[in-house]
$ cat upload-v1.cif   # mmCIF, C-alpha atoms and all ligand atoms
data_data
#
loop_
_atom_site.label_atom_id
_atom_site.label_comp_id
_atom_site.auth_asym_id
_atom_site.auth_seq_id
_atom_site.Cartn_x
_atom_site.Cartn_y
_atom_site.Cartn_z
CA MET W 17 10.73 -14.65 -48.82
CA THR W 18 13.12 -17.58 -48.41
CA GLU W 19 15.91 -16.29 -50.62
CA SER W 20 18.10 -13.35 -49.70
CA VAL W 21 17.27 -9.80 -50.79
CA LEU W 22 21.03 -9.44 -51.39
CA ILE W 23 22.16 -11.68 -54.24
CA PRO W 24 25.91 -11.42 -54.85
CA GLY W 25 27.36 -11.26 -58.35
CA GLU W 26 24.16 -10.35 -60.24
CA SER W 27 24.85 -8.57 -63.52
CA ASP W 28 21.64 -6.52 -63.34
CA PRO W 29 19.82 -6.62 -59.98
CA TYR W 30 17.43 -3.76 -60.82
CA PRO W 31 14.50 -5.66 -62.45
CA ARG W 32 14.42 -7.99 -59.43
CA LEU W 33 14.60 -5.03 -57.02
CA ALA W 34 11.74 -3.30 -58.90
CA TRP W 35 9.66 -6.43 -58.50
CA LEU W 36 10.43 -6.53 -54.75
CA ARG W 37 9.52 -2.85 -54.37
CA GLU W 38 6.23 -3.36 -56.20
CA ALA W 39 5.38 -6.09 -53.68
CA GLY W 40 5.70 -3.59 -50.78
CA PRO W 41 8.01 -1.04 -49.16
CA ILE W 42 9.60 -3.57 -46.77
CA ALA W 43 11.09 -6.88 -47.94
CA TYR W 44 12.06 -9.57 -45.42
CA SER W 45 15.26 -11.46 -46.13
CA ALA W 46 15.05 -14.78 -44.31
CA PRO W 47 18.71 -15.95 -44.46
CA GLU W 48 19.93 -12.84 -42.59
CA LYS W 49 16.63 -12.23 -40.72
CA VAL W 50 16.78 -8.60 -41.89
CA HIS W 51 13.87 -6.38 -43.01
CA PHE W 52 15.04 -4.30 -45.97
CA LEU W 53 13.40 -0.96 -46.76
CA VAL W 54 13.16 -1.00 -50.54
CA SER W 55 11.07 2.13 -51.21
CA TYR W 56 12.47 5.67 -51.00
CA PRO W 57 9.63 7.13 -48.83
CA ALA W 58 9.86 4.19 -46.37
CA ALA W 59 13.65 4.57 -46.18
CA MET W 60 13.42 8.30 -45.50
CA ALA W 61 10.78 7.81 -42.80
CA PHE W 62 13.03 5.18 -41.20
CA LEU W 63 16.26 7.21 -41.44
CA ARG W 64 14.54 10.31 -40.02
CA SER W 65 12.57 8.89 -37.15
CA ALA W 66 13.24 5.25 -36.24
CA GLN W 67 14.77 4.54 -32.82
CA VAL W 68 17.69 2.22 -33.49
CA SER W 69 20.99 0.84 -32.18
CA ARG W 70 23.95 -0.25 -34.27
CA GLN W 71 25.86 -1.38 -31.20
CA ALA W 72 23.09 -3.84 -30.37
CA TYR W 73 23.61 -5.38 -33.81
CA VAL W 74 27.31 -6.09 -33.10
CA ASP W 75 26.38 -7.37 -29.61
CA GLY W 76 24.05 -9.82 -31.36
CA LEU W 77 26.91 -10.99 -33.61
CA ILE W 78 29.16 -11.45 -30.57
CA CYS W 79 26.44 -13.57 -28.89
CA ARG W 80 26.13 -15.72 -32.02
CA HIS W 81 29.79 -16.09 -33.05
CA GLY W 82 31.63 -15.49 -29.78
CA GLN W 83 34.09 -12.70 -29.10
CA ASN W 84 36.89 -12.24 -31.63
CA ALA W 85 39.33 -9.46 -32.53
CA ILE W 86 37.30 -8.39 -35.59
CA LEU W 87 34.07 -7.92 -33.67
CA THR W 88 35.80 -6.15 -30.77
CA ALA W 89 37.37 -3.65 -33.18
CA GLN W 90 34.12 -3.34 -35.16
CA LYS W 91 32.23 -2.23 -32.06
CA ARG W 92 34.34 0.93 -31.83
CA GLU W 93 33.85 2.04 -35.44
CA LEU W 94 31.54 4.81 -36.56
CA ALA W 95 29.31 2.51 -38.60
CA TYR W 96 28.61 0.27 -35.60
CA SER W 97 28.42 2.73 -32.74
CA ASP W 98 25.61 4.86 -31.33
CA PRO W 99 25.54 8.40 -29.93
CA PRO W 100 27.17 9.84 -27.85
CA HIS W 101 30.40 7.91 -28.81
CA HIS W 102 29.37 8.13 -32.47
CA THR W 103 28.64 11.88 -32.36
CA PHE W 104 31.98 12.63 -30.73
CA ILE W 105 34.08 10.65 -33.22
CA LYS W 106 32.09 11.79 -36.24
CA ARG W 107 32.71 15.42 -35.33
CA LEU W 108 36.47 14.80 -35.16
CA VAL W 109 36.50 12.92 -38.46
CA MET W 110 34.49 15.62 -40.20
CA GLN W 111 37.22 18.15 -39.32
CA VAL W 112 39.42 16.50 -41.93
CA PHE W 113 36.79 15.70 -44.56
CA THR W 114 35.20 19.15 -44.88
CA PRO W 115 34.92 20.70 -48.38
CA ALA W 116 37.15 23.56 -47.13
CA HIS W 117 39.94 21.21 -46.02
CA LEU W 118 39.62 19.24 -49.24
CA ARG W 119 39.91 22.39 -51.36
CA VAL W 120 43.39 22.80 -49.90
CA TYR W 121 44.16 19.20 -50.84
CA ARG W 122 42.79 19.59 -54.40
CA PRO W 123 46.12 20.49 -56.11
CA ARG W 124 47.69 17.37 -54.60
CA LEU W 125 44.80 15.25 -55.90
CA GLU W 126 45.21 16.77 -59.36
CA GLU W 127 48.90 16.00 -59.29
CA VAL W 128 48.29 12.36 -58.30
CA ALA W 129 45.65 12.04 -61.05
CA ARG W 130 47.94 13.53 -63.70
CA GLU W 131 50.93 11.38 -62.73
CA THR W 132 48.98 8.12 -62.54
CA ILE W 133 47.07 8.74 -65.80
CA GLU W 134 50.38 9.50 -67.58
CA ASP W 135 51.63 6.14 -66.34
CA LEU W 136 48.80 4.02 -67.80
CA PRO W 137 49.60 1.74 -70.75
CA VAL W 138 48.27 2.98 -74.11
CA ASP W 139 46.74 0.80 -76.84
CA GLN W 140 47.20 -2.46 -74.96
CA PRO W 141 44.77 -4.36 -72.75
CA PHE W 142 44.98 -4.06 -68.94
CA ASP W 143 42.73 -4.09 -65.89
CA LEU W 144 41.85 -0.47 -65.15
CA LEU W 145 40.49 -1.25 -61.68
CA ASP W 146 43.51 -3.16 -60.45
CA ARG W 147 46.02 -0.82 -62.03
CA TRP W 148 44.39 2.56 -61.31
CA ALA W 149 40.86 2.88 -59.89
CA GLU W 150 41.73 1.01 -56.68
CA PRO W 151 45.35 2.00 -55.90
CA VAL W 152 44.83 5.73 -56.49
CA PRO W 153 41.96 6.24 -53.98
CA SER W 154 43.80 3.98 -51.57
CA ARG W 155 46.94 6.14 -51.83
CA VAL W 156 44.92 9.36 -51.43
CA LEU W 157 43.17 8.09 -48.31
CA ALA W 158 46.44 6.87 -46.81
CA GLU W 159 47.93 10.34 -47.37
CA LEU W 160 44.93 12.08 -45.80
CA LEU W 161 45.09 9.77 -42.83
CA GLY W 162 48.82 10.34 -42.37
CA VAL W 163 50.23 6.92 -43.34
CA PRO W 164 53.68 7.32 -44.95
CA ALA W 165 54.44 5.74 -48.34
CA ASP W 166 56.60 2.90 -46.96
CA ARG W 167 53.78 1.61 -44.69
CA ARG W 168 50.96 1.69 -47.25
CA ASP W 169 51.38 -1.82 -48.69
CA GLY W 170 50.98 -3.30 -45.22
CA LEU W 171 47.92 -1.12 -44.57
CA TYR W 172 46.34 -2.18 -47.87
CA GLU W 173 46.89 -5.89 -47.34
CA ALA W 174 45.73 -5.97 -43.72
CA THR W 175 42.62 -3.91 -44.53
CA SER W 176 41.69 -6.12 -47.51
CA ASN W 177 41.93 -9.20 -45.26
CA LEU W 178 39.85 -7.47 -42.60
CA VAL W 179 37.11 -6.55 -45.10
CA ALA W 180 37.02 -10.10 -46.54
CA ALA W 181 36.67 -11.56 -43.04
CA ARG W 182 33.61 -9.44 -42.36
CA GLY W 183 31.57 -10.83 -45.22
CA LEU W 184 28.34 -12.59 -44.34
CA ALA W 185 29.73 -15.82 -45.84
CA ARG W 186 33.30 -15.90 -44.59
CA SER W 187 35.45 -19.03 -44.40
CA SER W 188 37.42 -19.98 -41.29
CA GLU W 189 40.62 -19.20 -43.22
CA GLN W 190 39.31 -15.68 -43.96
CA LEU W 191 38.36 -15.25 -40.31
CA ALA W 192 41.87 -16.24 -39.17
CA LYS W 193 43.42 -13.79 -41.64
CA GLY W 194 41.00 -11.10 -40.47
CA ASN W 195 41.94 -11.58 -36.80
CA GLN W 196 45.60 -11.42 -37.78
CA ALA W 197 44.85 -8.21 -39.75
CA VAL W 198 43.42 -6.52 -36.64
CA ALA W 199 46.70 -7.27 -34.83
CA GLU W 200 48.74 -5.90 -37.75
CA LEU W 201 46.66 -2.71 -38.00
CA THR W 202 46.96 -2.19 -34.26
CA ASP W 203 50.77 -2.48 -34.50
CA LEU W 204 50.89 -0.15 -37.50
CA PHE W 205 48.81 2.60 -35.90
CA GLU W 206 50.52 2.23 -32.49
CA ASP W 207 53.78 2.84 -34.31
CA LEU W 208 52.50 5.76 -36.35
CA SER W 209 50.84 7.31 -33.30
CA GLU W 210 54.24 7.43 -31.60
CA GLN W 211 55.77 9.15 -34.63
CA HIS W 212 52.88 11.62 -34.99
CA ARG W 213 52.99 12.45 -31.28
CA ARG W 214 56.62 13.46 -31.66
CA GLN W 215 55.88 15.54 -34.76
CA SER W 216 52.28 16.70 -35.18
CA GLN W 217 50.97 17.16 -38.74
CA THR W 218 47.72 18.23 -40.39
CA ASP W 219 46.34 14.75 -41.12
CA LEU W 220 43.46 12.91 -39.49
CA LEU W 221 45.65 10.75 -37.28
CA SER W 222 47.25 13.88 -35.78
CA ALA W 223 43.81 15.47 -35.19
CA LEU W 224 42.62 12.33 -33.40
CA LEU W 225 45.78 12.06 -31.33
CA GLN W 226 45.39 15.65 -30.24
CA ALA W 227 41.86 14.89 -29.06
CA GLU W 228 43.16 11.89 -27.16
CA GLU W 229 45.84 13.98 -25.46
CA GLU W 230 43.42 16.75 -24.56
CA GLY W 231 41.63 14.19 -22.41
CA ALA W 232 38.64 13.78 -24.69
CA ARG W 233 36.69 10.55 -24.46
CA LEU W 234 38.69 8.80 -27.14
CA ASP W 235 40.42 5.64 -25.99
CA HIS W 236 43.35 4.32 -27.94
CA ILE W 237 41.64 1.20 -29.34
CA SER W 238 38.79 3.37 -30.66
CA LEU W 239 41.29 5.64 -32.33
CA ILE W 240 42.93 2.72 -34.14
CA SER W 241 39.59 1.19 -35.14
CA VAL W 242 38.32 4.49 -36.49
CA VAL W 243 41.39 5.25 -38.59
CA SER W 244 41.62 1.78 -40.12
CA SER W 245 37.88 1.64 -40.77
CA LEU W 246 37.95 5.01 -42.57
CA TYR W 247 40.51 3.57 -44.90
CA ALA W 248 38.62 0.28 -45.30
CA ALA W 249 35.31 2.05 -45.99
CA GLY W 250 36.83 4.37 -48.52
CA PHE W 251 38.89 2.94 -51.32
CA GLY W 252 36.77 -0.06 -52.38
CA ASN W 253 33.67 2.08 -52.80
CA THR W 254 35.55 4.69 -54.80
CA ARG W 255 37.01 1.94 -57.04
CA ASN W 256 33.49 0.65 -57.62
CA LEU W 257 32.08 4.09 -58.32
CA ILE W 258 34.68 4.58 -61.07
CA GLY W 259 34.09 1.08 -62.50
CA ASN W 260 30.28 1.18 -62.35
CA GLY W 261 30.32 4.76 -63.68
CA LEU W 262 32.48 3.82 -66.65
CA VAL W 263 30.10 0.95 -67.45
CA ALA W 264 27.18 3.42 -67.48
CA LEU W 265 29.10 5.82 -69.74
CA HIS W 266 30.32 3.10 -72.09
CA SER W 267 26.89 2.58 -73.64
CA ARG W 268 26.20 6.35 -73.64
CA PRO W 269 28.86 8.02 -75.81
CA GLU W 270 26.58 11.06 -76.19
CA VAL W 271 26.96 11.75 -72.45
CA VAL W 272 30.76 11.57 -72.69
CA ALA W 273 30.63 13.92 -75.70
CA SER W 274 28.54 16.47 -73.80
CA LEU W 275 30.89 16.27 -70.78
CA LEU W 276 33.91 16.89 -72.99
CA GLU W 277 32.19 19.74 -74.85
CA GLY W 278 31.22 21.31 -71.53
CA THR W 279 27.47 21.16 -72.17
CA ALA W 280 26.96 18.69 -69.29
CA SER W 281 28.39 19.01 -65.79
CA TRP W 282 30.88 16.51 -64.35
CA ALA W 283 29.43 17.08 -60.87
CA GLY W 284 25.95 16.16 -62.17
CA CYS W 285 27.36 13.10 -63.89
CA ILE W 286 29.08 11.83 -60.73
CA GLU W 287 25.85 12.37 -58.79
CA GLU W 288 23.92 10.32 -61.36
CA MET W 289 26.58 7.56 -61.32
CA LEU W 290 26.14 7.33 -57.55
CA ARG W 291 22.35 7.01 -57.92
CA PHE W 292 22.19 4.83 -61.02
CA ASP W 293 24.43 1.96 -59.89
CA SER W 294 25.24 2.59 -56.24
CA PRO W 295 28.54 1.08 -54.98
CA THR W 296 27.01 0.52 -51.52
CA GLN W 297 23.76 -1.26 -52.22
CA ALA W 298 22.59 -1.57 -48.62
CA THR W 299 23.35 -0.08 -45.21
CA ASN W 300 24.53 -2.17 -42.30
CA PRO W 301 21.67 -3.70 -40.35
CA THR W 302 20.56 -1.98 -37.18
CA VAL W 303 18.35 -3.10 -34.26
CA LEU W 304 15.04 -1.32 -33.64
CA THR W 305 14.87 -0.18 -30.02
CA GLU W 306 11.20 0.81 -30.50
CA ALA W 307 8.59 -0.43 -32.98
CA PHE W 308 8.66 1.28 -36.39
CA THR W 309 5.51 1.79 -38.45
CA PHE W 310 5.32 2.74 -42.10
CA GLU W 311 1.87 2.99 -43.69
CA ASP W 312 0.07 -0.17 -42.54
CA GLN W 313 3.17 -2.22 -41.66
CA THR W 314 4.73 -2.33 -38.18
CA LEU W 315 8.11 -3.83 -37.38
CA PRO W 316 8.38 -4.68 -33.66
CA ALA W 317 11.24 -3.57 -31.40
CA GLN W 318 14.33 -5.81 -31.67
CA SER W 319 13.78 -6.36 -35.43
CA LEU W 320 16.88 -6.11 -37.60
CA VAL W 321 16.43 -3.47 -40.31
CA ALA W 322 18.57 -2.14 -43.18
CA VAL W 323 17.96 0.26 -46.06
CA HIS W 324 18.38 -1.14 -49.57
CA LEU W 325 19.94 2.00 -51.08
CA GLY W 326 20.18 0.48 -54.57
CA ALA W 327 16.43 -0.23 -54.63
CA CYS W 328 15.49 3.20 -53.19
CA ASN W 329 17.66 4.99 -55.75
CA ARG W 330 15.59 3.44 -58.56
CA ASP W 331 12.20 4.10 -56.94
CA PRO W 332 9.76 5.65 -59.46
CA ALA W 333 7.78 7.06 -56.51
CA HIS W 334 10.68 9.46 -56.02
CA PHE W 335 12.74 9.60 -59.23
CA GLU W 336 11.23 10.31 -62.61
CA ARG W 337 12.38 7.76 -65.24
CA PRO W 338 14.58 6.04 -62.62
CA ASP W 339 16.10 3.50 -65.01
CA GLU W 340 17.49 6.20 -67.31
CA PHE W 341 20.90 7.77 -66.79
CA LEU W 342 20.09 11.50 -66.80
CA VAL W 343 23.24 13.53 -66.36
CA ASP W 344 21.25 16.72 -65.65
CA ARG W 345 18.79 15.11 -63.22
CA HIS W 346 17.63 17.76 -60.77
CA PRO W 347 17.13 17.42 -57.89
CA ASN W 348 19.17 14.25 -57.47
CA ASP W 349 18.69 13.52 -53.79
CA HIS W 350 19.85 9.92 -53.99
CA LEU W 351 20.73 7.79 -50.98
CA ALA W 352 24.08 6.42 -52.22
CA PHE W 353 25.73 7.87 -49.07
CA THR W 354 22.57 7.14 -46.97
CA SER W 355 21.07 10.01 -44.92
CA GLY W 356 21.00 11.03 -41.26
CA THR W 357 23.26 9.86 -38.44
CA HIS W 358 25.45 7.49 -40.47
CA PHE W 359 25.76 9.70 -43.58
CA CYS W 360 29.09 8.92 -45.26
CA PRO W 361 31.84 11.27 -44.02
CA GLY W 362 33.80 10.62 -47.24
CA ALA W 363 31.11 12.08 -49.55
CA ALA W 364 32.89 15.38 -50.28
CA LEU W 365 36.18 13.57 -50.96
CA VAL W 366 34.41 11.11 -53.26
CA HIS W 367 32.82 13.89 -55.35
CA LEU W 368 36.10 15.72 -55.71
CA GLN W 369 38.20 12.67 -56.42
CA ALA W 370 35.82 10.96 -58.84
CA GLU W 371 35.50 14.13 -60.87
CA ILE W 372 39.26 14.77 -61.04
CA LEU W 373 40.05 11.15 -61.95
CA LEU W 374 37.29 10.50 -64.48
CA ARG W 375 37.67 13.86 -66.14
CA GLY W 376 41.47 13.41 -66.40
CA LEU W 377 41.05 9.94 -67.89
CA LEU W 378 38.26 10.69 -70.36
CA GLU W 379 39.74 13.98 -71.58
CA LYS W 380 42.91 12.15 -72.53
CA TYR W 381 41.63 8.75 -73.68
CA GLN W 382 38.81 6.88 -75.31
CA VAL W 383 38.17 3.86 -73.11
CA ARG W 384 37.45 0.64 -75.06
CA PHE W 385 36.21 -2.36 -73.08
CA GLU W 386 38.10 -5.60 -73.79
CA GLY W 387 36.09 -8.56 -72.59
CA PRO W 388 32.94 -9.51 -70.69
CA LEU W 389 32.04 -7.87 -67.39
CA GLU W 390 31.78 -9.93 -64.21
CA TRP W 391 30.40 -8.64 -60.91
CA GLN W 392 32.00 -9.34 -57.56
CA GLU W 393 30.38 -11.86 -55.22
CA MET W 394 29.62 -9.24 -52.57
CA HIS W 395 26.43 -8.84 -50.53
CA ARG W 396 26.16 -5.16 -49.64
CA PHE W 397 28.54 -3.72 -52.23
CA ARG W 398 28.43 -3.67 -56.01
CA GLY W 399 31.48 -3.59 -58.24
CA LEU W 400 33.20 -5.42 -61.09
CA THR W 401 35.79 -8.15 -60.49
CA GLN W 402 37.95 -6.44 -63.13
CA LEU W 403 37.60 -3.96 -65.97
CA PRO W 404 39.78 -4.99 -68.92
CA VAL W 405 40.21 -1.94 -71.17
CA ARG W 406 42.31 -0.53 -73.99
CA LEU W 407 43.03 3.22 -73.90
CA LEU W 408 43.23 5.11 -77.17
CA PRO W 409 44.47 8.71 -77.17
CA ARG W 410 41.82 11.27 -78.14
CA THR W 411 42.83 12.98 -81.32
CA VAL W 412 41.16 16.35 -80.67
C1 LIG W 501 31.80 6.04 -53.73
C2 LIG W 501 32.30 6.05 -52.53
C3 LIG W 501 31.53 5.85 -51.27
C4 LIG W 501 30.23 5.42 -51.09
C5 LIG W 501 29.20 5.06 -52.14
C6 LIG W 501 30.00 5.37 -49.66
C7 LIG W 501 28.80 5.02 -49.08
C8 LIG W 501 28.56 5.00 -47.73
C9 LIG W 501 27.31 4.64 -47.12
C10 LIG W 501 26.04 4.25 -47.86
C11 LIG W 501 27.46 4.71 -45.78
C12 LIG W 501 26.42 4.37 -44.71
C13 LIG W 501 26.52 2.92 -44.35
C14 LIG W 501 25.56 2.50 -43.28
O1 LIG W 501 24.64 3.25 -42.92
O2 LIG W 501 25.72 1.38 -42.78
C15 LIG W 501 28.81 5.11 -45.53
C16 LIG W 501 29.35 5.28 -44.28
C17 LIG W 501 30.67 5.53 -44.06
N1 LIG W 501 31.62 5.84 -45.01
FE1 LIG W 501 31.37 5.92 -47.00
N2 LIG W 501 31.15 5.74 -49.01
C18 LIG W 501 32.09 6.04 -49.95
C19 LIG W 501 33.38 6.50 -49.71
C20 LIG W 501 33.91 6.70 -48.48
C21 LIG W 501 35.22 7.25 -48.22
C22 LIG W 501 36.19 7.79 -49.29
C23 LIG W 501 35.40 7.21 -46.87
C24 LIG W 501 36.60 7.64 -46.09
C25 LIG W 501 36.90 8.85 -45.94
C26 LIG W 501 34.20 6.64 -46.29
C27 LIG W 501 34.02 6.42 -44.94
C28 LIG W 501 32.81 6.04 -44.38
C29 LIG W 501 32.62 5.84 -42.93
C30 LIG W 501 33.68 5.97 -41.86
C31 LIG W 501 31.27 5.53 -42.75
C32 LIG W 501 30.55 5.30 -41.42
C33 LIG W 501 29.89 6.62 -41.03
C34 LIG W 501 28.98 6.56 -39.85
O3 LIG W 501 28.57 5.47 -39.44
O4 LIG W 501 28.68 7.64 -39.29
N3 LIG W 501 33.32 6.35 -47.29
N4 LIG W 501 29.47 5.30 -46.73
#
$ encode --input "upload-v1.cif" --output "structure tokens" --more "lines below"
Ligand code: HEM
Amino acid sequence: MTESVLIPGESDPYPRLAWLREAGPIAYSAPEKVHFLVSYPAAMAFLRSAQVSRQAYVDGLICRHGQNAILTAQKRELAYSDPPHHTFIKRLVMQVFTPAHLRVYRPRLEEVARETIEDLPVDQPFDLLDRWAEPVPSRVLAELLGVPADRRDGLYEATSNLVAARGLARSSEQLAKGNQAVAELTDLFEDLSEQHRRQSQTDLLSALLQAEEEGARLDHISLISVVSSLYAAGFGNTRNLIGNGLVALHSRPEVVASLLEGTASWAGCIEEMLRFDSPTQATNPTVLTEAFTFEDQTLPAQSLVAVHLGACNRDPAHFERPDEFLVDRHPNDHLAFTSGTHFCPGAALVHLQAEILLRGLLEKYQVRFEGPLEWQEMHRFRGLTQLPVRLLPRTV
């Protein structure tokens, strides 16, 4: 097809994605030259057995656009690296994001949720995403990573510029800001590394520094890229999960009622939010190092391939009544965090945080929407530009 499989800003992409899936399990997107897996069985076969390289994808970008600070940093991140570098860093990162570690952090999360919900304006319109659903996950991640309160504004701004500069359709102004952001993040984490070396703590930065000092294969630039990319990957998606989830609940008051009565589970609801309107709609592209065959279609080595998670999560070949929001769907083995090597390390944090935040908000308030919904002009991600709401206290 001549138009892209990823159309930014669509209010409802799912009928179009269903049409694509009906045409076949693999859809070619000419503008990006990427083959998208749009059926669940094809995606699983690919994620389980295809021979691929993420690094080769970034090398291709460097060949096309020339070397710049963004691409150099990108090459060291989890999402763009291959084993064994990937395996080594992922293991370190997972030490901080285990369910056991997060259980210890739970009381702190509950405190942050309580405080920030108390602070929200009542019975007047405001943007819930800008005021709450984005800054709270960003603060939580900064805490987990070991960034002190007085450095968080700088981290937020530099990371936002970095993310904007990575878009498929970036302007030269965005690119310049992005390159500047890499320099700022490097300075910030150099500085923090010095402080953490003097006084070790229990955060991710300290764990990574310890690995560096013990002579593990972690160079300093990789360390900085990994920490800033964890932050960048985390808060936008969590913001969008809360926004997209509230949109799904808004037209389903019976689901909210059953959550509040305790006849439906919050964990099940978060799982269904992730499946129903996935914040990450597609994985990063990867290069096939060997041909990949699914049913009667073969993609040759060197093809660029990505999984369209949003399309797979609505595949009727795998999910019964995929276009319905079923809070008790079981099993709900969606691909919102993908599967296999690049499975999202933040998944346990996301489950915990989304449940604490949404439960805290909805137990205290009825959320009324105030104005039309507009979707961000993003390619791989899906979220609202803003969510104007009015909060009304629940009487019972
Ligand atoms: C609703 C929230 C989130 C969603 C839907 C989500 C989704 C995903 C998906 C689909 C991938 C795979 C991308 C690919 O294959 O190219 C991924 C990877 C990743 N995510 Fe998340 N994520 C979320 C939150 C987080 C958080 C809170 C963190 C930080 C702790 C995080 C850090 C990462 C990292 C570092 C990777 C790369 C992992 C790797 O390549 O091995 N994500 N995420």
$ closest_residue --input "upload-v1.cif" --among "W:Leu276, W:Val68, W:Ile240, W:Ala248" --to "Leu201 of chain W" --atoms "only C-alpha atoms"
W:Ile240
$ axis_aligned_box --input "upload-v1.cif" --around "ligand LIG 501 (chain W)" --padding-each-side "3 Å" --output "JSON"
{"center_x": 30.8, "center_y": 5.1, "center_z": -46.5, "size_x": 18.3, "size_y": 13.5, "size_z": 20.4}
$ closest_residue --input "upload-v1.cif" --among "W:Glu277, W:Glu229, W:Asp28, W:Glu287" --to "ligand LIG 501 (chain W)" --atoms "all atoms listed in the file"
W:Glu287
$ atom_distance --input "upload-v1.cif" --atom1 "atom CA of Gln215 of chain W" --atom2 "atom CA of Thr175 of chain W"
25.5 Å
$ closest_residue --input "upload-v1.cif" --among "W:Phe205, W:Glu340, W:Gly250, W:Leu161" --to "Ala363 of chain W" --atoms "all atoms listed in the file"
W:Gly250
$ atom_distance --input "upload-v1.cif" --atom1 "atom CA of Gln217 of chain W" --atom2 "atom O4 of ligand LIG 501 (chain W)"
24.2 Å
$ closest_residue --input "upload-v1.cif" --among "W:Val242, W:Ala46, W:Ala327, W:Leu373" --to "ligand LIG 501 (chain W)" --atoms "all atoms listed in the file"
W:Val242
$ atom_distance --input "upload-v1.cif" --atom1 "atom CA of Leu136 of chain W" --atom2 "atom CA of Gly284 of chain W"
26.5 Å
$ residues_around --input "upload-v1.cif" --residues "Asp169 of chain W" --least-positions-apart "4" --cutoff "10 Å" --atoms "all atoms listed in the file" --output "ChimeraX atom specification"
/W:154-155,165,173-175
$ closest_residue --input "upload-v1.cif" --among "W:Met289, W:Val21, W:Arg255, W:Asn84" --to "Lys49 of chain W" --atoms "all atoms listed in the file"
W:Val21
$ closest_residue --input "upload-v1.cif" --among "W:Arg384, W:Arg168, W:Lys91, W:Arg122" --to "ligand LIG 501 (chain W)" --atoms "only C-alpha atoms and all ligand atoms"
W:Lys91
$ residues_around --input "upload-v1.cif" --residues "Glu200 of chain W" --least-positions-apart "4" --cutoff "12 Å" --atoms "all atoms listed in the file" --output "short mmCIF file (atom, residue, chain, number, x, y, z; two decimals) with C-alpha atoms, keeping the file's coordinate frame"
data_model
loop_
_atom_site.label_atom_id
_atom_site.label_comp_id
_atom_site.auth_asym_id
_atom_site.auth_seq_id
_atom_site.Cartn_x
_atom_site.Cartn_y
_atom_site.Cartn_z
CA ALA W 85 39.33 -9.46 -32.53
CA ILE W 86 37.30 -8.39 -35.59
CA ARG W 167 53.78 1.61 -44.69
CA ASP W 169 51.38 -1.82 -48.69
CA GLY W 170 50.98 -3.30 -45.22
CA LEU W 171 47.92 -1.12 -44.57
CA TYR W 172 46.34 -2.18 -47.87
CA GLU W 173 46.89 -5.89 -47.34
CA ALA W 174 45.73 -5.97 -43.72
CA THR W 175 42.62 -3.91 -44.53
CA ASN W 177 41.93 -9.20 -45.26
CA LEU W 178 39.85 -7.47 -42.60
CA LYS W 193 43.42 -13.79 -41.64
CA GLY W 194 41.00 -11.10 -40.47
CA ASN W 195 41.94 -11.58 -36.80
CA GLN W 196 45.60 -11.42 -37.78
CA LEU W 204 50.89 -0.15 -37.50
CA PHE W 205 48.81 2.60 -35.90
CA GLU W 206 50.52 2.23 -32.49
CA ASP W 207 53.78 2.84 -34.31
CA ILE W 240 42.93 2.72 -34.14
CA SER W 241 39.59 1.19 -35.14
CA SER W 244 41.62 1.78 -40.12
#
$ residues_around --input "upload-v1.cif" --residues "Thr314 of chain W" --least-positions-apart "6" --cutoff "10 Å" --atoms "all atoms listed in the file" --output "VMD selection string"
chain W and resid 42 307 to 308
$ residues_near_point --input "upload-v1.cif" --point "(35.4, 17.6, -55.4)" --cutoff "9 Å" --atoms "all atoms listed in the file" --output "list in words"
Pro115, Leu118, Arg119, Arg122, Ala283, Ala364, Leu365, Val366, His367, Leu368, Gln369, Ala370, Glu371 and Ile372 of chain W
